[in-house]
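Participant: Once you've had a glance at the structure underneath, I'll fire off some questions.
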Amino acid sequence: MASRRRTLLKVIILGDSGVGKTSLMNQYVNKKFSNQYKATIGADFLTKEVQFEDRLFTLQIWDTAGQERFQSLGVAFYRGADCCVLVYDVNSMKSFDNLNNWREEFLIQASPSDPDNFPFVLLGNKVDVDGGNSRVVSEKKAKAWCASKGNIPYFETSAKDGINVEEAFQCIVKNALKNEPEEELYMPDTVDVVGGNRGQGSSGCC
Amino acid sequence: MGLRVEKKYLSAGRLQSKESTHLVTVEESKVSADSDDEFYDADKVDPSQEVQSGDVNAEIGNTNQEETYSLKEELECLVHGGLPMALRGELWQAFVGVGARRVEGYYGSLLASEGELEDGGCSDSLASEGVDERPEVLSAFSAEEKCKGQIEKDLPRTFPGHPALDDVGRNALRRLLLAYARHNPTVGYCQAMNFFAGLLLLLMPEENAFWTLAGIIDDYFDGYFSEEMIESQVDQLVLEELVREKFPKLANHLDYLGVEVAWVTGPWFLSIFTNVLPWESVLRVWDVLLFDGNRVMLFRTALALLEFYGPALVTTKDAGDAVTLLQSLAGSTFDSSQLVLTARMGYQSVNETGLQDLRNKHRPSVMLSMEERAKGLGVCKESGLASKLYNFKREPEQLVSINDSADQMSDVADGDVDQEGDSGDVDDMYGALTVNSEIDSLPDPKDQVTWLKFELCRLLEERRSAVLRADELETALMEMVKQDNRRQLSAKAEQLEHELSELKQALSDKQEQEQAMFQLVMRVEQELKFAEEARISAEQDAAAQRYAANVLQEKYEEAMASLAQMENRAVMAETMLEATLQYQSSQQKALSPLPSPRASAQDDSFQESQSRRINLLGPFSLSWRDKNKVVPRHLP
């Protein structure tokens, strides 16, 4: 029943300022790239209808401001997220180093029921820049980080050229859904059934 | 507003008398000029604007006292009707009180200190830098580096494509933002300020823009853009309450959809509607906001927008639709006059005192959640107190608000620290008093400044350490409590889960057993069936054999019967034969005395036939007689 009601998926995009969060969102939703995006203040928001395994979902994508201090406003946005997309710039070591902060901050503020298994997806953006020559974070390093955080799926993207953006978001949808059955495990129904059985059993014994 | 400007003017006058006498002389020289003339003279942007802005201030301050209600009225009409574009920059500066704030050479020195900072030394004569000079040169340095990096990132993202923001424009923007970051390190640089600065640079010269920006961020939006953005969060809670009060139906609908008003209005407030409304509307809202001297217009505008678009919002069916609809509708609010009119006239009841009450009501919860978060991160937060103390230095009338916020701070701390906080407050007040008295005794303004600087540093230090200690204690306590709770809860959850899995295990075991039993039963049943079948077939066999035996018996009896019959017949035949033989022999006896040839012939033939008969019967009858004698012995 829960799965039937849950046709809305909330996705939060986090990452340092200027790594291309807004661009990724717009490339995915509008299939457009502009190098004239304004800095995001607070948070911005887009929706997209997606189909996955014959079911229709409304993807609610929250694009957040990258400056650290805006994190203090995050709690209102993060709550109820189904998946968190971490973005860094492959040409900036600092944006990669900050991923830990973003992840921890998100887990603290969103306080998901099962923090260890909450779905994250990592995107290394701007792979197109300078033909990859200015790149400072290797794919290996990024993958090692992902492995250390519980096998987070990783994609190398270019919002400008639209590389891997569609694939990445497909994966994001998939992972956002993956969280569903686990939540159902903790639904009171299950507990009730067990409790009821036990009650019946004991009454039968008496 | 007039009052406010006047106040500004007065306090500024005091400041200026300490710092320099330049502006005062300018003001005095122009005191008699007609203010109306001044407004319309300022038609075009003038290189000597600095002087003009001072004039405007002076004028408003002075004329207001002597004359006139009518001037105020007129100005208000002008503001609410929309300022003429050519005068906007000038008037904004006047509203913010740039003339009063302005300190000669300050802007230049902020920018000049760049070189010194990079050399590693940090010597300057300005109070603002004195704060970060002593205790945490390194952290201040890295904080500034952070600001710089962020500013660089945002320069190309500030009104991208605007013709005024070419390389020259960008450089001005960079300097402006950097200067502000150094002027007020507790705020530093916050995204959104780039848009404000960009807008101001379009309307006024660089240094004036700096003072205007400083006025807006330090006064209008005190505590808004600092590291924790507390006031920003408080305002959102206040707005939410107002929305619930004014538009209960809309609020219910948004609750139903799971939309928080702050998702949309948060960015509205933070950007003061830049990039949210069409330009004309943004400027008109800014006109009123800067004129009012507080943030009331933010609330009024937001409420007006919700009034306009609430009916459409109520028809939306999911959270995404509601948010995007509100965003796009706000972006098409082209009737700026309607907007300003509705905001001003429709929501007059929303005023600064009411808002302050609401803010005080909501602030503790924000502070509390901030602490929670800080605890979660294990990060020591920086209080926004330093910036407040600055303002205090400039404007003694803000003392009350300092105490307020100090009380707020100490509210969350526990008892011991509370006392400390209070004593800190007393210190502050004492410091403030001595400041005033010592100002007169110290001969040189320069000395006064250094002395003030020193005093401030000391006070700030004390305050900060007290607050930090309070925070730490609180954090530790909460952490312990939370840890404890969490551990208990998680233990309980684990236990329950364990039980659950045990029960499941038991259930599946039982099921397995049941299955096995069932199979066994099935097998037994099958065997039983086989056995039954076998029995039935055996019975059938037996019946068949019994039947066969019966049949044989019958046949045997039949045969015996026919045998007996045959015997009887044979006996009968024998007797008949004997009788015949006796007859024949009697015949022969009678005939023998007279034998005749014929008779002998006949006799011969007769004898022949009889012997033949005996021959015929002999073996037969004998064998049958024998058989009859034997068989009965066999039969039961």
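In the structure tokens, chains take letters A, B, ... by order of appearance, with residues numbered from 1 within each chain and ligands from 1 in the order shown.
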Using only C-alpha atoms, determine which residues of chain B fall within 7 Å of chain A; present them as a list in words.

Facilitator: Lys153, Asp154, Arg157, Thr158, Phe159, Pro160, Gln191, Ala192, Glu227, Glu228, Gln233, Gly266, Pro267, Ser271, Gly320 and Gly376 of chain B

Participant: Got time to write the residues from that selection, all heavy atoms, as a short mmCIF file (atom, residue, chain, number, x, y, z; two decimals), in the first residue's frame?

Facilitator:
```
data_model
loop_
_atom_site.label_atom_id
_atom_site.label_comp_id
_atom_site.auth_asym_id
_atom_site.auth_seq_id
_atom_site.Cartn_x
_atom_site.Cartn_y
_atom_site.Cartn_z
N LYS B 153 33.99 33.01 -7.14
CA LYS B 153 33.06 32.09 -7.80
C LYS B 153 31.79 32.82 -8.20
O LYS B 153 31.17 32.51 -9.22
CB LYS B 153 32.68 30.96 -6.85
CG LYS B 153 33.68 29.83 -6.83
CD LYS B 153 33.17 28.74 -5.92
CE LYS B 153 34.28 27.77 -5.57
NZ LYS B 153 33.94 26.94 -4.42
N ASP B 154 31.38 33.76 -7.37
CA ASP B 154 30.07 34.38 -7.60
C ASP B 154 30.12 35.58 -8.55
O ASP B 154 29.08 36.00 -9.05
CB ASP B 154 29.45 34.81 -6.26
CG ASP B 154 28.95 33.62 -5.48
OD1 ASP B 154 28.80 32.55 -6.10
OD2 ASP B 154 28.73 33.74 -4.27
N ARG B 157 28.62 34.97 -11.67
CA ARG B 157 27.23 34.51 -11.51
C ARG B 157 26.34 35.61 -10.93
O ARG B 157 25.28 35.34 -10.38
CB ARG B 157 27.20 33.28 -10.59
CG ARG B 157 28.06 32.14 -11.12
CD ARG B 157 27.74 30.85 -10.46
NE ARG B 157 28.17 30.79 -9.08
CZ ARG B 157 27.85 29.79 -8.25
NH1 ARG B 157 27.09 28.82 -8.67
NH2 ARG B 157 28.29 29.79 -7.01
N THR B 158 26.81 36.83 -11.00
CA THR B 158 26.02 37.96 -10.54
C THR B 158 25.47 38.68 -11.77
O THR B 158 26.24 39.26 -12.53
CB THR B 158 26.89 38.93 -9.74
OG1 THR B 158 27.56 38.20 -8.72
CG2 THR B 158 26.05 40.02 -9.10
N PHE B 159 24.17 38.61 -11.93
CA PHE B 159 23.52 39.19 -13.12
C PHE B 159 24.35 38.88 -14.37
O PHE B 159 24.80 39.80 -15.06
CB PHE B 159 23.36 40.70 -12.96
CG PHE B 159 22.67 41.08 -11.68
CD1 PHE B 159 23.22 42.00 -10.83
CD2 PHE B 159 21.46 40.49 -11.34
CE1 PHE B 159 22.58 42.35 -9.65
CE2 PHE B 159 20.81 40.83 -10.16
CZ PHE B 159 21.38 41.77 -9.31
N PRO B 160 24.55 37.59 -14.67
CA PRO B 160 25.42 37.27 -15.81
C PRO B 160 24.87 37.89 -17.09
O PRO B 160 23.66 37.91 -17.31
CB PRO B 160 25.36 35.74 -15.87
CG PRO B 160 24.18 35.34 -15.07
CD PRO B 160 23.98 36.40 -14.04
N GLN B 191 26.47 34.64 0.03
CA GLN B 191 25.82 34.69 -1.28
C GLN B 191 24.51 35.45 -1.14
O GLN B 191 23.82 35.31 -0.14
CB GLN B 191 25.56 33.26 -1.77
CG GLN B 191 26.83 32.55 -2.17
CD GLN B 191 26.53 31.21 -2.82
OE1 GLN B 191 25.77 30.44 -2.29
NE2 GLN B 191 27.14 30.96 -3.97
N ALA B 192 24.17 36.21 -2.11
CA ALA B 192 23.04 37.14 -2.14
C ALA B 192 23.56 38.55 -2.02
O ALA B 192 23.02 39.48 -2.64
CB ALA B 192 21.98 36.91 -1.08
N GLU B 227 27.17 33.74 9.86
CA GLU B 227 27.43 32.31 9.64
C GLU B 227 26.21 31.43 9.95
O GLU B 227 25.92 30.49 9.24
CB GLU B 227 28.63 31.91 10.50
CG GLU B 227 29.28 30.61 10.10
CD GLU B 227 29.88 30.63 8.70
OE1 GLU B 227 30.62 31.58 8.36
OE2 GLU B 227 29.58 29.72 7.94
N GLU B 228 25.48 31.76 11.02
CA GLU B 228 24.37 30.88 11.40
C GLU B 228 23.05 31.29 10.78
O GLU B 228 22.09 30.55 10.81
CB GLU B 228 24.18 30.86 12.93
CG GLU B 228 25.39 30.43 13.70
CD GLU B 228 26.34 31.58 13.94
OE1 GLU B 228 25.99 32.71 13.55
OE2 GLU B 228 27.42 31.35 14.49
N GLN B 233 16.29 32.61 9.79
CA GLN B 233 15.41 31.49 10.17
C GLN B 233 14.26 31.98 11.05
O GLN B 233 13.13 31.52 10.90
CB GLN B 233 16.22 30.43 10.92
CG GLN B 233 17.30 29.81 10.07
CD GLN B 233 18.12 28.81 10.85
OE1 GLN B 233 17.62 27.82 11.33
NE2 GLN B 233 19.40 29.08 11.00
N GLY B 266 11.90 31.75 1.95
CA GLY B 266 13.28 31.84 2.45
C GLY B 266 14.18 32.51 1.42
O GLY B 266 14.80 33.55 1.70
N PRO B 267 14.25 31.93 0.21
CA PRO B 267 15.02 32.59 -0.83
C PRO B 267 14.54 34.01 -1.16
O PRO B 267 15.34 34.87 -1.48
CB PRO B 267 14.86 31.67 -2.03
CG PRO B 267 14.61 30.33 -1.44
CD PRO B 267 13.83 30.58 -0.18
N SER B 271 17.24 37.07 -0.68
CA SER B 271 17.70 37.83 -1.83
C SER B 271 16.99 39.18 -1.91
O SER B 271 17.17 39.93 -2.86
CB SER B 271 17.46 37.04 -3.12
OG SER B 271 16.10 36.72 -3.23
N GLY B 320 5.12 19.80 -5.45
CA GLY B 320 5.95 20.31 -6.53
C GLY B 320 5.22 21.38 -7.33
O GLY B 320 5.78 22.45 -7.62
N GLY B 376 25.67 18.18 16.79
CA GLY B 376 25.78 17.07 15.83
C GLY B 376 27.08 17.15 15.06
O GLY B 376 27.72 16.15 14.78
#
```

Participant: Within 9 Å of range 91-95 of chain A, which residues of range 107-181 of chain A show up? Give each one with its shortest atom-to-atom distance in Å (one decimal) and the two atoms involved, counting only C-alpha atoms, rows by chain then rising residue number, as a Markdown table.

Facilitator:
```
| residue | atom | partner | partner_atom | distance |
| --- | --- | --- | --- | --- |
| A:Asn125 | CA | A:Asn91 | CA | 8.5 |
| A:Lys126 | CA | A:Asn91 | CA | 7.3 |
| A:Val127 | CA | A:Asn91 | CA | 7.9 |
| A:Val129 | CA | A:Asn91 | CA | 8.0 |
| A:Gly132 | CA | A:Asn91 | CA | 8.4 |
| A:Asn133 | CA | A:Asn91 | CA | 8.9 |
| A:Ser134 | CA | A:Asn91 | CA | 5.9 |
| A:Arg135 | CA | A:Asn91 | CA | 4.4 |
| A:Val136 | CA | A:Asn91 | CA | 5.1 |
| A:Val137 | CA | A:Met93 | CA | 6.2 |
```

Participant: Could you name the residues that touch Asn151 in chain A at 12 Å or less, counting only C-alpha atoms, but leaving out those on the same chain fewer than 6 positions away, as a VMD selection string?

Facilitator: chain A and resid 116 to 122 142 to 145 175

Participant: Write the residues you've just listed into a file as a PDB file, in the first residue's frame, and include N, CA and C atoms for each of them.

Facilitator:
```
ATOM      1  N   ASP A 116      22.841   4.486   7.880  1.00  0.00           N
ATOM      2  CA  ASP A 116      23.898   3.707   7.239  1.00  0.00           C
ATOM      3  C   ASP A 116      23.522   3.263   5.836  1.00  0.00           C
ATOM      4  N   ASN A 117      22.237   3.117   5.604  1.00  0.00           N
ATOM      5  CA  ASN A 117      21.819   2.633   4.295  1.00  0.00           C
ATOM      6  C   ASN A 117      21.096   3.681   3.471  1.00  0.00           C
ATOM      7  N   PHE A 118      21.168   4.934   3.909  1.00  0.00           N
ATOM      8  CA  PHE A 118      20.479   5.963   3.127  1.00  0.00           C
ATOM      9  C   PHE A 118      21.144   6.089   1.763  1.00  0.00           C
ATOM     10  N   PRO A 119      20.350   6.141   0.686  1.00  0.00           N
ATOM     11  CA  PRO A 119      20.960   6.174  -0.644  1.00  0.00           C
ATOM     12  C   PRO A 119      21.585   7.520  -0.998  1.00  0.00           C
ATOM     13  N   PHE A 120      22.863   7.488  -1.274  1.00  0.00           N
ATOM     14  CA  PHE A 120      23.574   8.631  -1.840  1.00  0.00           C
ATOM     15  C   PHE A 120      24.007   8.260  -3.251  1.00  0.00           C
ATOM     16  N   VAL A 121      24.193   9.269  -4.083  1.00  0.00           N
ATOM     17  CA  VAL A 121      24.813   9.051  -5.385  1.00  0.00           C
ATOM     18  C   VAL A 121      25.849  10.151  -5.557  1.00  0.00           C
ATOM     19  N   LEU A 122      27.032   9.791  -6.017  1.00  0.00           N
ATOM     20  CA  LEU A 122      28.092  10.783  -6.189  1.00  0.00           C
ATOM     21  C   LEU A 122      28.272  11.103  -7.669  1.00  0.00           C
ATOM     22  N   ALA A 142      37.890   8.825  -6.454  1.00  0.00           N
ATOM     23  CA  ALA A 142      36.457   9.013  -6.196  1.00  0.00           C
ATOM     24  C   ALA A 142      35.805   7.680  -5.882  1.00  0.00           C
ATOM     25  N   LYS A 143      36.189   6.661  -6.656  1.00  0.00           N
ATOM     26  CA  LYS A 143      35.572   5.351  -6.435  1.00  0.00           C
ATOM     27  C   LYS A 143      35.974   4.775  -5.089  1.00  0.00           C
ATOM     28  N   ALA A 144      37.207   5.056  -4.699  1.00  0.00           N
ATOM     29  CA  ALA A 144      37.662   4.577  -3.390  1.00  0.00           C
ATOM     30  C   ALA A 144      36.830   5.224  -2.289  1.00  0.00           C
ATOM     31  N   TRP A 145      36.570   6.512  -2.473  1.00  0.00           N
ATOM     32  CA  TRP A 145      35.740   7.200  -1.469  1.00  0.00           C
ATOM     33  C   TRP A 145      34.354   6.568  -1.409  1.00  0.00           C
ATOM     34  N   ASN A 175      17.843   4.277  -6.895  1.00  0.00           N
ATOM     35  CA  ASN A 175      18.293   4.233  -5.506  1.00  0.00           C
ATOM     36  C   ASN A 175      17.289   4.853  -4.557  1.00  0.00           C
TER      37      ASN A 175
END
```

Participant: I'd like the contact shell of range 252-262 of chain B - 8 Å cut-off, only C-alpha atoms, skipping same-chain residues fewer than 5 positions apart - returned as an NGL selection string.

Facilitator: (:A and (76)) or (:B and (236-237 or 240 or 267 or 314 or 317-319 or 322-323))

Participant: Given the selection you just returned, output its residues as a file containing all heavy atoms, formatted as a PDB file, in the first residue's frame.

Facilitator:
```
ATOM      1  N   ALA A  76      14.997  22.290   6.779  1.00  0.00           N
ATOM      2  CA  ALA A  76      13.651  22.334   6.193  1.00  0.00           C
ATOM      3  C   ALA A  76      13.611  21.633   4.842  1.00  0.00           C
ATOM      4  O   ALA A  76      12.621  21.011   4.487  1.00  0.00           O
ATOM      5  CB  ALA A  76      13.188  23.770   6.034  1.00  0.00           C
TER       6      ALA A  76
ATOM      7  N   GLN B 236      11.544  33.509   9.023  1.00  0.00           N
ATOM      8  CA  GLN B 236      10.700  32.552   8.316  1.00  0.00           C
ATOM      9  C   GLN B 236       9.629  31.985   9.247  1.00  0.00           C
ATOM     10  O   GLN B 236       8.492  31.777   8.825  1.00  0.00           O
ATOM     11  CB  GLN B 236      11.543  31.427   7.715  1.00  0.00           C
ATOM     12  CG  GLN B 236      12.353  31.863   6.502  1.00  0.00           C
ATOM     13  CD  GLN B 236      11.520  32.587   5.480  1.00  0.00           C
ATOM     14  OE1 GLN B 236      10.437  32.146   5.107  1.00  0.00           O
ATOM     15  NE2 GLN B 236      12.004  33.735   5.023  1.00  0.00           N
ATOM     16  N   LEU B 237      10.008  31.769  10.485  1.00  0.00           N
ATOM     17  CA  LEU B 237       9.003  31.278  11.436  1.00  0.00           C
ATOM     18  C   LEU B 237       7.940  32.330  11.688  1.00  0.00           C
ATOM     19  O   LEU B 237       6.747  32.026  11.780  1.00  0.00           O
ATOM     20  CB  LEU B 237       9.676  30.884  12.753  1.00  0.00           C
ATOM     21  CG  LEU B 237      10.599  29.667  12.678  1.00  0.00           C
ATOM     22  CD1 LEU B 237      11.243  29.406  14.026  1.00  0.00           C
ATOM     23  CD2 LEU B 237       9.820  28.442  12.234  1.00  0.00           C
ATOM     24  N   GLU B 240       5.702  32.466   8.758  1.00  0.00           N
ATOM     25  CA  GLU B 240       4.795  31.321   8.737  1.00  0.00           C
ATOM     26  C   GLU B 240       3.603  31.574   9.654  1.00  0.00           C
ATOM     27  O   GLU B 240       2.462  31.298   9.295  1.00  0.00           O
ATOM     28  CB  GLU B 240       5.541  30.062   9.160  1.00  0.00           C
ATOM     29  CG  GLU B 240       4.764  28.804   8.798  1.00  0.00           C
ATOM     30  CD  GLU B 240       5.399  27.559   9.355  1.00  0.00           C
ATOM     31  OE1 GLU B 240       6.641  27.487   9.417  1.00  0.00           O
ATOM     32  OE2 GLU B 240       4.638  26.662   9.741  1.00  0.00           O
ATOM     33  N   PRO B 267      14.249  31.933   0.212  1.00  0.00           N
ATOM     34  CA  PRO B 267      15.025  32.594  -0.830  1.00  0.00           C
ATOM     35  C   PRO B 267      14.535  34.012  -1.156  1.00  0.00           C
ATOM     36  O   PRO B 267      15.340  34.874  -1.482  1.00  0.00           O
ATOM     37  CB  PRO B 267      14.858  31.668  -2.031  1.00  0.00           C
ATOM     38  CG  PRO B 267      14.606  30.331  -1.437  1.00  0.00           C
ATOM     39  CD  PRO B 267      13.831  30.582  -0.184  1.00  0.00           C
ATOM     40  N   VAL B 314      -4.201  27.290  -3.956  1.00  0.00           N
ATOM     41  CA  VAL B 314      -5.125  26.370  -3.290  1.00  0.00           C
ATOM     42  C   VAL B 314      -5.600  25.282  -4.247  1.00  0.00           C
ATOM     43  O   VAL B 314      -5.996  24.199  -3.841  1.00  0.00           O
ATOM     44  CB  VAL B 314      -6.313  27.164  -2.708  1.00  0.00           C
ATOM     45  CG1 VAL B 314      -7.374  26.255  -2.143  1.00  0.00           C
ATOM     46  CG2 VAL B 314      -5.818  28.094  -1.615  1.00  0.00           C
ATOM     47  N   LYS B 317      -2.309  20.374  -6.655  1.00  0.00           N
ATOM     48  CA  LYS B 317      -2.577  19.042  -6.111  1.00  0.00           C
ATOM     49  C   LYS B 317      -1.337  18.361  -5.547  1.00  0.00           C
ATOM     50  O   LYS B 317      -1.449  17.330  -4.898  1.00  0.00           O
ATOM     51  CB  LYS B 317      -3.185  18.160  -7.192  1.00  0.00           C
ATOM     52  CG  LYS B 317      -4.580  18.632  -7.571  1.00  0.00           C
ATOM     53  CD  LYS B 317      -5.405  17.543  -8.161  1.00  0.00           C
ATOM     54  CE  LYS B 317      -6.865  17.935  -8.281  1.00  0.00           C
ATOM     55  NZ  LYS B 317      -7.079  19.254  -8.907  1.00  0.00           N
ATOM     56  N   ASP B 318      -0.165  18.877  -5.823  1.00  0.00           N
ATOM     57  CA  ASP B 318       0.979  18.320  -5.094  1.00  0.00           C
ATOM     58  C   ASP B 318       2.022  19.396  -4.795  1.00  0.00           C
ATOM     59  O   ASP B 318       1.982  20.493  -5.338  1.00  0.00           O
ATOM     60  CB  ASP B 318       1.565  17.084  -5.797  1.00  0.00           C
ATOM     61  CG  ASP B 318       2.469  17.434  -6.955  1.00  0.00           C
ATOM     62  OD1 ASP B 318       3.494  18.084  -6.724  1.00  0.00           O
ATOM     63  OD2 ASP B 318       2.149  17.039  -8.089  1.00  0.00           O
ATOM     64  N   ALA B 319       2.924  19.022  -3.921  1.00  0.00           N
ATOM     65  CA  ALA B 319       3.883  19.983  -3.390  1.00  0.00           C
ATOM     66  C   ALA B 319       4.714  20.627  -4.507  1.00  0.00           C
ATOM     67  O   ALA B 319       4.934  21.842  -4.523  1.00  0.00           O
ATOM     68  CB  ALA B 319       4.797  19.291  -2.389  1.00  0.00           C
ATOM     69  N   ALA B 322       2.773  23.268  -6.366  1.00  0.00           N
ATOM     70  CA  ALA B 322       2.554  24.470  -5.561  1.00  0.00           C
ATOM     71  C   ALA B 322       3.803  25.349  -5.566  1.00  0.00           C
ATOM     72  O   ALA B 322       3.721  26.557  -5.807  1.00  0.00           O
ATOM     73  CB  ALA B 322       2.184  24.082  -4.131  1.00  0.00           C
ATOM     74  N   VAL B 323       4.943  24.726  -5.339  1.00  0.00           N
ATOM     75  CA  VAL B 323       6.172  25.508  -5.252  1.00  0.00           C
ATOM     76  C   VAL B 323       6.510  26.146  -6.601  1.00  0.00           C
ATOM     77  O   VAL B 323       6.799  27.347  -6.683  1.00  0.00           O
ATOM     78  CB  VAL B 323       7.338  24.621  -4.762  1.00  0.00           C
ATOM     79  CG1 VAL B 323       8.639  25.384  -4.821  1.00  0.00           C
ATOM     80  CG2 VAL B 323       7.078  24.151  -3.352  1.00  0.00           C
TER      81      VAL B 323
END
```

Participant: Step one, run DSSP on the backbone; step two, keep only residues of range 8-189 of chain A assigned to strand (DSSP E); then write them as a VMD selection string.

Facilitator: chain A and resid 8 to 15 43 to 52 55 to 64 83 to 89 120 to 125 154 to 156

Participant: If I take CA of Ile13 in chain A and CA of Pro153 in chain A, how far is one from the other in Å, to one decimal?

Facilitator: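 Separation between CA of Ile13 in chain A and CA of Pro153 in chain A: 14.6 Å.
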
Participant: So which residues of range 59-156 of chain A fall under helix (DSSP H, G or I) by DSSP, listed as an NGL selection string?

Facilitator: :A and (68-78 or 93-97 or 99-110 or 115-117 or 129-132 or 139-148)

Participant: If you keep C-alpha atoms, can you produce a file of those selected residues as a CSV table (one decimal), in the first residue's frame?

Facilitator:
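Result file follows (selection_0.csv):
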```csv
chain,number,residue,atom,x,y,z
A,68,GLU,CA,28.4,26.5,3.7
A,69,ARG,CA,26.4,28.8,5.9
A,70,PHE,CA,23.2,28.0,3.9
A,71,GLN,CA,23.4,24.6,5.5
A,72,SER,CA,21.8,26.0,8.6
A,73,LEU,CA,18.7,26.5,6.5
A,74,GLY,CA,18.9,23.0,5.2
A,75,VAL,CA,16.9,21.2,7.7
A,76,ALA,CA,13.7,22.3,6.2
A,77,PHE,CA,14.7,21.2,2.8
A,78,TYR,CA,16.5,17.9,3.6
A,93,MET,CA,40.3,19.0,-4.9
A,94,LYS,CA,38.6,21.1,-2.3
A,95,SER,CA,35.1,20.3,-3.6
A,96,PHE,CA,36.0,16.6,-3.3
A,97,ASP,CA,37.5,17.0,0.2
A,99,LEU,CA,32.1,15.7,0.3
A,100,ASN,CA,32.5,14.2,3.8
A,101,ASN,CA,31.1,17.4,5.4
A,102,TRP,CA,28.2,17.5,3.0
A,103,ARG,CA,27.3,13.9,3.7
A,104,GLU,CA,27.6,14.2,7.4
A,105,GLU,CA,25.7,17.4,7.5
A,106,PHE,CA,22.9,15.9,5.5
A,107,LEU,CA,22.6,12.8,7.7
A,108,ILE,CA,22.5,15.0,10.8
A,109,GLN,CA,19.9,17.4,9.5
A,110,ALA,CA,17.7,15.0,7.5
A,115,PRO,CA,21.5,6.5,8.1
A,116,ASP,CA,23.9,3.7,7.2
A,117,ASN,CA,21.8,2.6,4.3
A,129,VAL,CA,36.7,21.1,-18.9
A,130,ASP,CA,39.9,21.5,-20.8
A,131,GLY,CA,39.5,18.0,-22.3
A,132,GLY,CA,40.2,16.5,-18.9
A,139,GLU,CA,38.2,8.4,-11.0
A,140,LYS,CA,40.0,5.9,-8.8
A,141,LYS,CA,40.1,8.2,-5.9
A,142,ALA,CA,36.5,9.0,-6.2
A,143,LYS,CA,35.6,5.4,-6.4
A,144,ALA,CA,37.7,4.6,-3.4
A,145,TRP,CA,35.7,7.2,-1.5
A,146,CYS,CA,32.4,5.7,-2.7
A,147,ALA,CA,33.6,2.3,-1.6
A,148,SER,CA,34.5,3.5,1.9
```

Participant: Just checking: using only C-alpha atoms, which residue out of B:Leu239, B:Val234, B:Glu76, B:Pro311 ends up closest to Ser369 in chain B?

Facilitator: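 Ranked by minimum distance to Ser369 in chain B, first place goes to B:Val234.
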
Participant: Neighbouring residues of Ala143 in chain B were defined as those with any atom within 10 Å, considering only C-alpha atoms; residues of the same chain fewer than 6 positions away were excluded. Please report them as a list in words.

Facilitator: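 Everything that qualifies: Val137, Gly149, Ala181, Pro185, Thr186, Gly188 and Tyr189 of chain B.
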
Participant: Quick check, in Å to one decimal: how far apart do CA of Glu462 in chain B and CA of Leu368 in chain B lie?

Facilitator: 22.4 Å

Participant: Between CA of Gln565 in chain B and CA of Ala549 in chain B, measure the distance and give it in Å to one decimal.

Facilitator: 23.7 Å

Participant: Which residue gives the smallest distance to Ser111 in chain A among A:Ile152, A:Ala81, A:Val87, A:Leu123, with only C-alpha atoms counted?

Facilitator: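 Ranked by minimum distance to Ser111 in chain A, first place goes to A:Ala81.
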